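This is model22.csv (CSV, C-alpha atoms and all ligand atoms).
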chain,number,residue,atom,x,y,z
N,1,MET,CA,53.3,-139.7,41.8
N,2,THR,CA,52.1,-138.5,45.2
N,3,SER,CA,53.2,-135.0,46.3
N,4,LEU,CA,53.7,-133.7,49.8
N,5,PHE,CA,51.2,-131.0,48.9
N,6,GLU,CA,48.3,-133.3,48.1
N,7,PRO,CA,45.5,-133.7,50.6
N,8,LEU,CA,45.3,-136.8,52.8
N,9,THR,CA,42.6,-138.2,55.0
N,10,LEU,CA,44.0,-139.2,58.3
N,11,GLY,CA,41.3,-141.2,60.0
N,12,ALA,CA,38.5,-138.8,60.9
N,13,ILE,CA,40.3,-135.7,59.7
N,14,ASP,CA,41.2,-134.2,56.3
N,15,MET,CA,44.6,-132.6,55.9
N,16,PRO,CA,45.1,-130.1,53.1
N,17,HIS,CA,48.7,-131.4,52.6
N,18,ARG,CA,51.0,-134.0,54.1
N,19,VAL,CA,53.5,-132.0,56.2
N,20,LEU,CA,52.9,-132.8,59.9
N,21,MET,CA,54.5,-131.1,62.8
N,22,ALA,CA,56.3,-133.9,64.8
N,23,PRO,CA,55.8,-134.2,68.6
N,24,LEU,CA,58.4,-131.9,70.3
N,25,THR,CA,59.0,-131.7,74.0
N,26,ARG,CA,59.7,-128.1,74.9
N,27,MET,CA,59.4,-128.1,78.7
N,28,ARG,CA,57.5,-124.8,79.0
N,29,ALA,CA,54.3,-125.9,80.8
N,30,THR,CA,53.5,-123.9,84.0
N,31,PRO,CA,54.7,-125.4,87.3
N,32,PRO,CA,53.5,-126.6,89.7
N,33,GLY,CA,50.9,-128.8,88.1
N,34,ASP,CA,52.3,-129.0,84.5
N,35,VAL,CA,49.6,-126.9,83.1
N,36,PRO,CA,49.5,-125.8,79.4
N,37,ASN,CA,49.7,-122.0,79.1
N,38,ALA,CA,49.3,-118.9,76.9
N,39,LEU,CA,52.9,-119.1,75.7
N,40,MET,CA,52.4,-122.7,74.4
N,41,GLN,CA,49.2,-121.4,72.7
N,42,ASP,CA,51.2,-118.8,70.8
N,43,TYR,CA,53.7,-121.4,69.7
N,44,TYR,CA,51.1,-123.9,68.5
N,45,VAL,CA,49.0,-121.2,66.8
N,46,GLN,CA,52.0,-120.0,64.9
N,47,ARG,CA,52.4,-123.5,63.5
N,48,ALA,CA,48.7,-124.1,62.7
N,49,SER,CA,49.4,-124.4,58.9
N,50,ALA,CA,50.7,-128.0,59.6
N,51,GLY,CA,48.6,-130.7,58.1
N,52,LEU,CA,48.4,-131.9,61.7
N,53,ILE,CA,50.2,-130.7,64.8
N,54,VAL,CA,51.2,-133.6,67.0
N,55,SER,CA,51.6,-132.1,70.5
N,56,GLU,CA,54.6,-132.5,72.6
N,57,GLY,CA,54.6,-135.6,74.8
N,58,THR,CA,51.9,-135.1,77.4
N,59,GLN,CA,51.9,-137.3,80.5
N,60,ILE,CA,48.9,-139.4,81.1
N,61,SER,CA,49.5,-139.5,84.9
N,62,PRO,CA,51.9,-138.1,87.5
N,63,GLU,CA,53.7,-141.5,87.3
N,64,GLY,CA,54.2,-140.9,83.5
N,65,LYS,CA,56.3,-137.8,83.9
N,66,GLY,CA,60.0,-137.8,83.3
N,67,TYR,CA,61.1,-134.3,82.5
N,68,MET,CA,60.8,-130.9,84.1
N,69,ASP,CA,57.8,-128.8,83.0
N,70,THR,CA,56.2,-131.1,80.5
N,71,PRO,CA,52.4,-130.8,80.3
N,72,GLY,CA,50.0,-133.3,81.6
N,73,ILE,CA,46.5,-134.4,80.6
N,74,TYR,CA,45.2,-136.1,83.7
N,75,ASN,CA,43.3,-133.3,85.6
N,76,ASP,CA,40.7,-130.6,84.9
N,77,GLU,CA,43.2,-127.7,85.1
N,78,GLN,CA,45.4,-129.3,82.4
N,79,VAL,CA,42.3,-130.1,80.2
N,80,ALA,CA,41.2,-126.4,80.5
N,81,GLY,CA,44.7,-125.3,79.6
N,82,TRP,CA,44.7,-127.5,76.5
N,83,ARG,CA,41.2,-126.5,75.6
N,84,THR,CA,42.3,-122.8,75.0
N,85,ILE,CA,45.1,-124.1,72.9
N,86,THR,CA,43.1,-126.5,70.7
N,87,ASP,CA,40.4,-123.8,70.3
N,88,ALA,CA,43.0,-121.2,69.1
N,89,VAL,CA,44.6,-123.8,66.7
N,90,HIS,CA,41.2,-124.5,65.2
N,91,ASP,CA,40.4,-120.8,64.9
N,92,ALA,CA,43.6,-120.5,63.0
N,93,GLY,CA,42.5,-123.3,60.6
N,94,GLY,CA,44.7,-126.0,62.1
N,95,ARG,CA,44.3,-129.5,63.5
N,96,ILE,CA,46.1,-130.9,66.6
N,97,ALA,CA,46.6,-134.4,68.1
N,98,ALA,CA,47.6,-135.0,71.8
N,99,GLN,CA,50.7,-137.3,72.2
N,100,LEU,CA,49.9,-139.6,75.1
N,101,TRP,CA,53.0,-140.2,77.1
N,102,HIS,CA,54.2,-142.5,79.9
N,103,VAL,CA,58.0,-142.2,80.2
N,104,GLY,CA,58.3,-145.4,82.3
N,105,ARG,CA,61.9,-145.5,83.5
N,106,VAL,CA,63.1,-142.4,81.7
N,107,SER,CA,62.4,-140.4,84.9
N,108,HIS,CA,63.7,-139.4,88.3
N,109,LYS,CA,62.7,-139.7,91.9
N,110,SER,CA,62.3,-135.9,92.2
N,111,PHE,CA,59.2,-136.2,90.1
N,112,HIS,CA,57.6,-138.9,92.3
N,113,ASP,CA,58.1,-137.7,95.9
N,114,GLY,CA,61.2,-139.8,96.1
N,115,ALA,CA,59.6,-143.0,94.7
N,116,LEU,CA,61.3,-145.0,92.0
N,117,PRO,CA,60.1,-144.7,88.4
N,118,VAL,CA,58.4,-147.8,87.0
N,119,SER,CA,59.2,-150.0,84.0
N,120,ALA,CA,58.7,-153.4,82.5
N,121,SER,CA,61.7,-154.7,84.6
N,122,SER,CA,64.1,-153.6,87.2
N,123,GLY,CA,67.3,-154.2,85.2
N,124,PRO,CA,70.5,-152.3,85.1
N,125,TYR,CA,70.0,-149.2,82.9
N,126,ARG,CA,71.9,-146.1,82.0
N,127,ASN,CA,70.2,-142.9,80.8
N,128,ARG,CA,69.8,-139.3,81.8
N,129,THR,CA,66.8,-137.0,82.0
N,130,THR,CA,66.2,-133.3,82.7
N,131,ILE,CA,65.1,-132.3,86.2
N,132,ARG,CA,64.6,-129.0,88.0
N,133,GLY,CA,68.0,-127.9,89.4
N,134,GLU,CA,68.6,-126.2,92.7
N,135,ASP,CA,68.4,-122.8,91.0
N,136,GLY,CA,65.2,-123.7,89.1
N,137,VAL,CA,67.0,-124.2,85.8
N,138,PRO,CA,67.0,-127.4,83.9
N,139,THR,CA,69.7,-129.8,85.0
N,140,ARG,CA,70.7,-133.2,83.6
N,141,ALA,CA,70.5,-136.1,86.0
N,142,ASN,CA,71.0,-139.9,85.9
N,143,CYS,CA,67.8,-142.0,85.8
N,144,PRO,CA,67.7,-144.5,88.7
N,145,ILE,CA,67.2,-148.2,88.1
N,146,PRO,CA,63.4,-148.5,88.0
N,147,ARG,CA,61.1,-150.8,89.8
N,148,ALA,CA,59.1,-153.4,87.8
N,149,LEU,CA,55.4,-152.8,87.5
N,150,GLU,CA,53.5,-155.6,89.3
N,151,LEU,CA,51.1,-157.6,87.2
N,152,ASP,CA,48.2,-156.2,89.1
N,153,GLU,CA,49.2,-152.6,88.4
N,154,ILE,CA,49.0,-153.0,84.7
N,155,PRO,CA,45.2,-152.5,84.4
N,156,ARG,CA,45.6,-149.2,86.3
N,157,VAL,CA,48.2,-148.1,83.8
N,158,ILE,CA,45.9,-149.0,80.9
N,159,GLU,CA,43.1,-147.1,82.7
N,160,ASP,CA,45.4,-144.0,82.9
N,161,TYR,CA,45.7,-144.1,79.1
N,162,ARG,CA,41.9,-144.5,78.7
N,163,ARG,CA,41.2,-141.6,81.0
N,164,ALA,CA,43.8,-139.4,79.2
N,165,THR,CA,42.0,-140.2,76.0
N,166,VAL,CA,38.7,-139.1,77.4
N,167,ASN,CA,40.4,-135.9,78.6
N,168,ALA,CA,42.0,-135.3,75.2
N,169,ARG,CA,38.6,-135.4,73.7
N,170,ALA,CA,37.2,-133.1,76.3
N,171,ALA,CA,40.1,-130.7,75.6
N,172,GLY,CA,39.1,-130.4,72.0
N,173,PHE,CA,42.0,-132.4,70.3
N,174,ASP,CA,41.2,-133.9,66.9
N,175,LEU,CA,43.1,-137.1,67.5
N,176,VAL,CA,45.4,-138.8,70.0
N,177,GLU,CA,48.8,-140.3,69.2
N,178,ILE,CA,50.0,-143.0,71.5
N,179,HIS,CA,53.7,-142.6,72.2
N,180,GLY,CA,55.0,-146.1,71.7
N,181,ALA,CA,58.5,-145.0,70.7
N,182,HIS,CA,61.9,-143.7,72.0
N,183,GLY,CA,62.5,-146.1,74.9
N,184,TYR,CA,59.5,-144.9,76.9
N,185,LEU,CA,57.2,-147.2,78.8
N,186,LEU,CA,55.4,-149.0,75.9
N,187,HIS,CA,58.8,-149.4,74.1
N,188,GLN,CA,60.4,-150.6,77.4
N,189,PHE,CA,57.8,-153.4,77.3
N,190,LEU,CA,58.2,-154.2,73.6
N,191,ALA,CA,62.0,-154.2,73.5
N,192,ALA,CA,63.7,-157.5,74.4
N,193,ASP,CA,66.6,-155.7,76.2
N,194,SER,CA,64.4,-153.8,78.7
N,195,ASN,CA,61.7,-156.4,79.2
N,196,LEU,CA,62.9,-159.4,81.3
N,197,ARG,CA,59.4,-160.3,82.6
N,198,THR,CA,58.3,-163.9,82.9
N,199,ASP,CA,54.6,-163.2,83.1
N,200,SER,CA,52.1,-162.7,80.2
N,201,TYR,CA,53.8,-159.3,79.4
N,202,GLY,CA,57.3,-160.7,78.9
N,203,GLY,CA,59.2,-163.3,77.0
N,204,SER,CA,57.7,-163.9,73.6
N,205,LEU,CA,57.3,-161.0,71.1
N,206,GLU,CA,53.5,-161.5,71.4
N,207,ASN,CA,53.8,-161.0,75.2
N,208,ARG,CA,56.1,-158.0,75.0
N,209,ALA,CA,53.8,-156.3,72.5
N,210,ARG,CA,50.8,-157.0,74.7
N,211,LEU,CA,50.8,-153.8,76.7
N,212,MET,CA,51.1,-151.6,73.6
N,213,LEU,CA,48.2,-153.4,72.0
N,214,GLU,CA,46.0,-153.4,75.1
N,215,VAL,CA,46.7,-149.7,75.6
N,216,THR,CA,45.7,-149.2,71.9
N,217,ASP,CA,42.5,-151.1,72.3
N,218,ALA,CA,41.6,-149.1,75.5
N,219,VAL,CA,42.3,-145.8,73.7
N,220,VAL,CA,40.3,-146.8,70.7
N,221,GLY,CA,37.5,-147.9,73.1
N,222,ALA,CA,37.5,-144.5,74.7
N,223,TRP,CA,37.1,-142.7,71.3
N,224,SER,CA,37.3,-144.5,68.0
N,225,ALA,CA,40.0,-146.0,65.7
N,226,ASP,CA,39.8,-143.2,63.2
N,227,ARG,CA,40.8,-140.8,66.1
N,228,VAL,CA,43.9,-142.8,67.1
N,229,GLY,CA,47.4,-142.9,65.8
N,230,ILE,CA,50.5,-144.5,67.3
N,231,ARG,CA,54.2,-143.7,67.1
N,232,ILE,CA,56.9,-146.4,67.1
N,233,SER,CA,60.7,-146.5,66.8
N,234,PRO,CA,61.5,-150.1,66.5
N,235,ILE,CA,65.0,-149.7,65.2
N,236,GLY,CA,67.8,-147.7,66.8
N,237,SER,CA,68.9,-146.7,70.3
N,238,PHE,CA,66.7,-144.3,72.2
N,239,ASN,CA,67.0,-143.3,75.9
N,240,GLY,CA,68.9,-146.4,76.9
N,241,THR,CA,66.6,-148.8,75.1
N,242,GLU,CA,67.8,-150.7,72.0
N,243,ASP,CA,65.9,-153.8,70.9
N,244,PRO,CA,68.2,-156.5,69.4
N,245,HIS,CA,65.0,-157.8,67.7
N,246,GLY,CA,63.6,-154.3,66.9
N,247,ALA,CA,63.1,-154.9,63.1
N,248,GLU,CA,61.0,-158.0,63.8
N,249,ALA,CA,59.1,-156.3,66.6
N,250,GLY,CA,58.3,-153.3,64.4
N,251,LEU,CA,56.8,-155.6,61.7
N,252,TYR,CA,54.8,-157.6,64.2
N,253,VAL,CA,53.2,-154.5,65.9
N,254,ALA,CA,52.6,-152.9,62.5
N,255,GLY,CA,50.6,-155.9,61.4
N,256,GLU,CA,48.6,-156.1,64.7
N,257,LEU,CA,47.9,-152.3,64.5
N,258,ALA,CA,46.8,-152.6,60.9
N,259,GLN,CA,44.0,-154.9,62.0
N,260,ARG,CA,42.8,-152.1,64.2
N,261,ASN,CA,42.4,-149.6,61.3
N,262,LEU,CA,44.0,-146.7,63.2
N,263,ALA,CA,44.2,-143.2,61.7
N,264,PHE,CA,47.9,-143.6,61.2
N,265,LEU,CA,51.2,-145.4,62.1
N,266,HIS,CA,53.9,-142.9,62.8
N,267,LEU,CA,57.4,-144.3,62.2
N,268,SER,CA,60.2,-142.4,64.0
N,269,GLU,CA,63.3,-143.2,62.1
N,270,PRO,CA,66.6,-143.5,64.0
N,271,ASP,CA,69.1,-141.6,61.8
N,272,TRP,CA,68.5,-138.2,63.3
N,273,ALA,CA,69.6,-139.6,66.7
N,274,GLY,CA,72.8,-141.2,65.4
N,275,GLY,CA,71.1,-144.5,64.3
N,276,PRO,CA,71.2,-146.2,60.9
N,277,GLU,CA,69.2,-145.1,57.9
N,278,LEU,CA,66.2,-147.4,57.3
N,279,SER,CA,66.5,-149.5,54.1
N,280,ASP,CA,63.8,-149.3,51.5
N,281,ASP,CA,63.4,-153.1,51.9
N,282,TYR,CA,62.4,-152.6,55.6
N,283,ARG,CA,60.1,-149.7,54.6
N,284,ARG,CA,58.4,-152.0,52.0
N,285,SER,CA,57.9,-154.7,54.6
N,286,LEU,CA,56.4,-152.3,57.0
N,287,LYS,CA,54.0,-150.9,54.4
N,288,ALA,CA,53.0,-154.4,53.5
N,289,ALA,CA,52.3,-155.2,57.2
N,290,HIS,CA,50.5,-151.8,57.6
N,291,PRO,CA,48.8,-150.8,54.3
N,292,GLY,CA,47.1,-147.9,56.1
N,293,VAL,CA,48.6,-144.4,56.5
N,294,ILE,CA,52.3,-144.4,57.5
N,295,VAL,CA,53.8,-141.0,58.6
N,296,GLY,CA,57.6,-141.0,58.4
N,297,ALA,CA,59.7,-138.8,60.7
N,298,GLY,CA,63.4,-138.2,61.2
N,299,SER,CA,65.8,-136.1,59.2
N,300,TYR,CA,63.2,-135.3,56.5
N,301,ASP,CA,63.5,-132.6,54.0
N,302,ALA,CA,61.4,-132.0,50.9
N,303,GLU,CA,63.5,-134.3,48.8
N,304,LYS,CA,63.5,-137.3,51.2
N,305,ALA,CA,59.8,-136.9,51.6
N,306,ALA,CA,59.2,-136.7,47.9
N,307,ARG,CA,61.2,-139.8,47.2
N,308,LEU,CA,59.5,-142.0,49.8
N,309,LEU,CA,56.0,-140.7,48.9
N,310,ASP,CA,56.7,-141.4,45.2
N,311,ALA,CA,57.8,-144.9,46.1
N,312,GLY,CA,54.6,-145.5,48.1
N,313,LEU,CA,56.6,-146.2,51.3
N,314,ILE,CA,55.1,-143.4,53.3
N,315,ASP,CA,51.9,-141.3,53.0
N,316,ALA,CA,53.0,-138.2,54.9
N,317,ALA,CA,56.0,-136.8,56.6
N,318,ALA,CA,56.5,-135.2,60.0
N,319,PHE,CA,59.1,-132.5,60.6
N,320,GLY,CA,60.6,-131.8,64.0
N,321,ARG,CA,63.6,-129.4,64.3
N,322,SER,CA,62.7,-127.6,61.1
N,323,PHE,CA,59.2,-126.9,62.5
N,324,ILE,CA,60.7,-125.6,65.7
N,325,ALA,CA,62.6,-123.0,63.6
N,326,ASN,CA,60.1,-122.3,60.9
N,327,PRO,CA,56.5,-121.7,62.1
N,328,ASP,CA,55.4,-121.5,58.4
N,329,LEU,CA,57.3,-124.6,57.3
N,330,PRO,CA,54.6,-126.0,54.9
N,331,ARG,CA,54.7,-122.8,52.8
N,332,ARG,CA,58.5,-122.7,52.8
N,333,LEU,CA,58.7,-126.3,51.6
N,334,ALA,CA,56.0,-125.7,49.0
N,335,GLU,CA,57.6,-122.6,47.6
N,336,GLY,CA,61.2,-123.7,48.1
N,337,LEU,CA,61.9,-120.8,50.4
N,338,PRO,CA,65.1,-120.8,52.6
N,339,LEU,CA,64.7,-122.2,56.2
N,340,ASN,CA,65.7,-120.7,59.5
N,341,ALA,CA,68.2,-122.8,61.4
N,342,PRO,CA,67.1,-124.3,64.7
N,343,VAL,CA,69.0,-123.3,67.9
N,344,ALA,CA,69.4,-126.4,70.1
N,345,ASP,CA,70.2,-124.4,73.3
N,346,THR,CA,66.6,-123.3,73.5
N,347,PHE,CA,64.9,-126.6,72.6
N,348,TYR,CA,64.2,-127.6,76.2
N,349,GLY,CA,62.9,-125.1,78.8
N,350,GLY,CA,63.0,-121.4,79.0
N,351,ASP,CA,60.7,-118.6,77.7
N,352,GLU,CA,59.7,-117.2,74.3
N,353,ALA,CA,63.4,-117.0,73.1
N,354,GLY,CA,63.9,-119.9,70.7
N,355,TYR,CA,60.2,-120.8,71.0
N,356,THR,CA,57.9,-118.2,69.6
N,357,ASP,CA,60.4,-115.7,68.2
N,358,TYR,CA,61.4,-117.6,65.0
N,359,PRO,CA,60.1,-115.4,62.2
N,360,ALA,CA,57.8,-116.5,59.4
N,361,HIS,CA,59.0,-115.8,55.9
N,362,ALA,CA,58.2,-112.2,54.8
T,401,LIG,C1,61.8,-134.6,69.9
T,401,LIG,N1,61.2,-135.8,69.5
T,401,LIG,C2,60.1,-136.2,70.2
T,401,LIG,N2,59.4,-137.3,69.8
T,401,LIG,C3,58.3,-137.7,70.4
T,401,LIG,O1,57.7,-138.7,70.0
T,401,LIG,N3,57.8,-137.0,71.5
T,401,LIG,C4,58.4,-135.9,71.9
T,401,LIG,O2,57.9,-135.3,72.9
T,401,LIG,C5,59.6,-135.5,71.3
T,401,LIG,N4,60.3,-134.4,71.8
T,401,LIG,C6,61.3,-133.9,71.0
T,401,LIG,C7,61.9,-132.7,71.4
T,401,LIG,C8,63.0,-132.2,70.6
T,401,LIG,C9,63.6,-130.8,71.0
T,401,LIG,C10,63.5,-132.9,69.5
T,401,LIG,C11,64.6,-132.3,68.7
T,401,LIG,C12,62.9,-134.1,69.2
T,401,LIG,C13,61.5,-136.4,68.2
T,401,LIG,C14,60.9,-135.7,67.1
T,401,LIG,O3,59.5,-135.9,67.1
T,401,LIG,C15,61.4,-136.1,65.7
T,401,LIG,O4,61.2,-137.5,65.5
T,401,LIG,C16,62.9,-135.8,65.6
T,401,LIG,O5,63.2,-134.5,65.9
T,401,LIG,C17,63.5,-136.1,64.2
T,401,LIG,O6,62.8,-135.3,63.3
T,401,LIG,P1,63.7,-134.0,62.6
T,401,LIG,O7,63.9,-133.1,63.7
T,401,LIG,O8,64.9,-134.6,62.0
T,401,LIG,O9,62.7,-133.5,61.6
Here is the file; what I need is its structure written in the form of structure tokens.
Amino acid sequence: MTSLFEPLTLGAIDMPHRVLMAPLTRMRATPPGDVPNALMQDYYVQRASAGLIVSEGTQISPEGKGYMDTPGIYNDEQVAGWRTITDAVHDAGGRIAAQLWHVGRVSHKSFHDGALPVSASSGPYRNRTTIRGEDGVPTRANCPIPRALELDEIPRVIEDYRRATVNARAAGFDLVEIHGAHGYLLHQFLAADSNLRTDSYGGSLENRARLMLEVTDAVVGAWSADRVGIRISPIGSFNGTEDPHGAEAGLYVAGELAQRNLAFLHLSEPDWAGGPELSDDYRRSLKAAHPGVIVGAGSYDAEKAARLLDAGLIDAAAFGRSFIANPDLPRRLAEGLPLNAPVADTFYGGDEAGYTDYPAHA
């Protein structure tokens, strides 16, 4: 029987327990320039008892941005901002990974000087994102139909991931997590409904997975496999992307990623977002395809984590909303203490209210 409170080696790092903080976009970076700041530092330091903090999605390039006031990791000012955060998390005894993010079509012209967001294809598509409204407050807006990336632009996108990895290293992160989930760029390529390309990046499953795997290889090449994890959400509907062949795609990429000996595969499960609960059969197939570390996330509590750990179907669990509301979540889970309830109104954007003012247990 494996417990949530046993140590686990995750590639190059050792975690004292298996409770991770899931990546959580909070839209509080400093504009203009999307720079990580002192308020974000307070928030992450408060949560340094996580086995590993996975940072909020962090855009690898201006093109990769899709929401108001999300942080970047493509220039020196952003790297310096992150450096103060990673130093403070380390001083507090924690470990932190940067989630490398390119939103693809989940974006808006207002972030790109009026230019269209990019994607695998320029198909009809319905989704919304959060932009800066007239009065400066977050406002929901429809995402436009994107333009398809040209074949000769793809090496530049891969280079953006590589450079972001070099930057994450310079910023003092312990690991990087490639965001391959939730209907963002890499998922837009992987999913059959959003990828209508007829070149070597579209059509067959092998072709649709190509960008995700090439990005993984570039990121590994910029650091090393034991410093790299990847997040996928092959099943379910996220941000206007729903792959009719997602189950098969998930198993295929899990197998390909396993050959690369990454630090971990992070499985974002769909039930928290209105999707189906994953079956144990599917989990078993995924573990068989990827015998290395699997981190599960999505509607986890101590009981769900214990059951799946015991069954050998996951190796660790990441907690999202309960980590927003409980800065000392690992202790609360270990001691069976009551949890603060998260307040959804303050998830995205704003100040310290609903961000750094959730109390730790007395
Ligand atoms: C998220 N999630 C998320 N996932 C991701 O890969 N990158 C991100 O930046 C975000 N941002 C984000 C913001 C907010 C406010 C929420 C609620 C969720 C998904 C998150 O990591 C996690 O998978 C879900 O929250 C489900 O886990 P819980 O909350 O049920 O433990």
Surroundings of ligand LIG 401 (chain T) up to 7 Å, based on only C-alpha atoms and all ligand atoms, as JSON, numbers by chain: {"N": [22, 23, 24, 25, 26, 56, 57, 179, 181, 182, 231, 268, 269, 272, 297, 298, 299, 300, 318, 319, 320, 321, 322, 347, 348]}
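Taking only C-alpha atoms into account, N:Ile324 lies nearest to N:Gln46 out of the set N:Thr58, N:Thr9, N:Gln259, N:Gln46.
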TODO: Please provide the set of residues having any atom within 10 Å of N:Gly274, restricted to all atoms listed in the file, with same-chain residues fewer than 5 positions apart removed, written as a PyMOL selection string.
DONE: chain N and resi 236-238
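Proximity of N:Gly349, N:Pro117, N:Cys143, N:Leu175 to N:Pro31, computed with all atoms listed in the file, is greatest for N:Gly349.
Closest to N:Val79 among N:His266, N:His187, N:His290, N:Arg163 is N:Arg163, based on all atoms listed in the file.
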From (70.5, -146.3, 86.2), in the file's coordinates, out to 9 Å: which residues are reached, counting only C-alpha atoms? Answer as a ChimeraX atom specification.
/N:123-128,142-146
- Task: Would you kindly return, as a PyMOL selection string, each protein, DNA or RNA residue with an atom no farther than 12 Å from any atom of N:Glu352, considering only C-alpha atoms and excluding same-chain residues fewer than 3 positions away?
- Result: chain N and resi 26-28+38-43+346-349+355-358
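Our summary of the geometry notes that atom CA of N:Pro32 is positioned 24.5 Å from atom CA of N:Val176.
Taking atom CA of N:Arg283 as the reference point, atom CA of N:Ile314 is found at 8.1 Å.
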_So that I can check the surroundings of N:Val295, please list as an MDAnalysis selection string every protein, DNA and RNA residue that reaches within 12 Å of it, counting all atoms listed in the file and ignoring chain neighbours fewer than 6 positions away._
chainID N and resid 4 8 10 18:22 51:52 54 177 229:232 263:269 283 286:287 305 308:309 312:319
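Point (65.9, -126.6, 87.8) has the following residues at most 12 Å away: Met27, Pro31, Tyr67, Met68, Asp69, Ser110, Phe111, Thr129, Thr130, Ile131, Arg132, Gly133, Glu134, Asp135, Gly136, Val137, Pro138, Thr139, Arg140, Ala141, Tyr348, Gly349 and Gly350 of chain N (atoms considered: all atoms listed in the file).
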Neighbour list for stretch 206-209 of chain N as number ranges by chain, cut-off 8 Å, only C-alpha atoms, skip fewer than 3 positions in-chain:
N: 189-192, 195, 200-203, 212-213, 249, 253
The residue from N:Phe5, N:Trp101, N:Tyr161, N:Trp223 with the smallest atom-to-atom distance to N:Leu185, counting only C-alpha atoms, is N:Trp101
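Note that the spacing between atom CA of N:Ile13 and atom CA of N:Arg210 amounts to 28.1 Å.
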Polymer residues at most 10 Å from N:Tyr282, all atoms listed in the file, same-chain spacing of 5 or more positions, as a ChimeraX atom specification: /N:247-248,250-251,287-288,313
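If you measure from each of N:Ser204, N:Thr165, N:Thr86, N:Ser121 to N:Ala148 using all atoms listed in the file, the closest one turns out to be N:Ser121.
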Is it possible to add all heavy atoms to stretch 278-282 of chain N and hand it back as a compact mmCIF listing (two decimals), in the frame of the given file?
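The result, stored in result-v4.txt:
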# COMPACT_ATOMS: atom_id res chain seq x y z
N LEU N 278 67.04 -146.20 57.58
CA LEU N 278 66.20 -147.40 57.30
C LEU N 278 66.35 -147.74 55.81
O LEU N 278 66.42 -146.87 54.95
CB LEU N 278 64.73 -147.04 57.55
CG LEU N 278 64.31 -146.86 59.01
CD1 LEU N 278 62.79 -146.83 59.12
CD2 LEU N 278 64.85 -147.97 59.88
N SER N 279 66.36 -149.03 55.55
CA SER N 279 66.50 -149.50 54.10
C SER N 279 65.08 -149.44 53.51
O SER N 279 64.05 -149.56 54.19
CB SER N 279 67.00 -150.91 54.10
OG SER N 279 66.02 -151.80 54.62
N ASP N 280 65.06 -149.30 52.19
CA ASP N 280 63.80 -149.30 51.50
C ASP N 280 63.13 -150.71 51.62
O ASP N 280 61.91 -150.83 51.64
CB ASP N 280 63.95 -148.96 50.02
CG ASP N 280 64.09 -147.44 49.85
OD1 ASP N 280 64.09 -146.72 50.87
OD2 ASP N 280 64.20 -146.98 48.70
N ASP N 281 63.94 -151.75 51.73
CA ASP N 281 63.40 -153.10 51.90
C ASP N 281 62.57 -153.15 53.23
O ASP N 281 61.48 -153.71 53.27
CB ASP N 281 64.50 -154.13 52.00
CG ASP N 281 64.94 -154.56 50.61
OD1 ASP N 281 64.26 -154.17 49.64
OD2 ASP N 281 65.97 -155.27 50.52
N TYR N 282 63.15 -152.56 54.28
CA TYR N 282 62.40 -152.60 55.60
C TYR N 282 61.15 -151.74 55.44
O TYR N 282 60.09 -152.13 55.92
CB TYR N 282 63.29 -152.10 56.71
CG TYR N 282 62.59 -152.31 58.05
CD1 TYR N 282 62.42 -153.59 58.55
CD2 TYR N 282 62.06 -151.24 58.76
CE1 TYR N 282 61.75 -153.81 59.74
CE2 TYR N 282 61.39 -151.45 59.96
CZ TYR N 282 61.24 -152.73 60.45
OH TYR N 282 60.57 -152.94 61.62
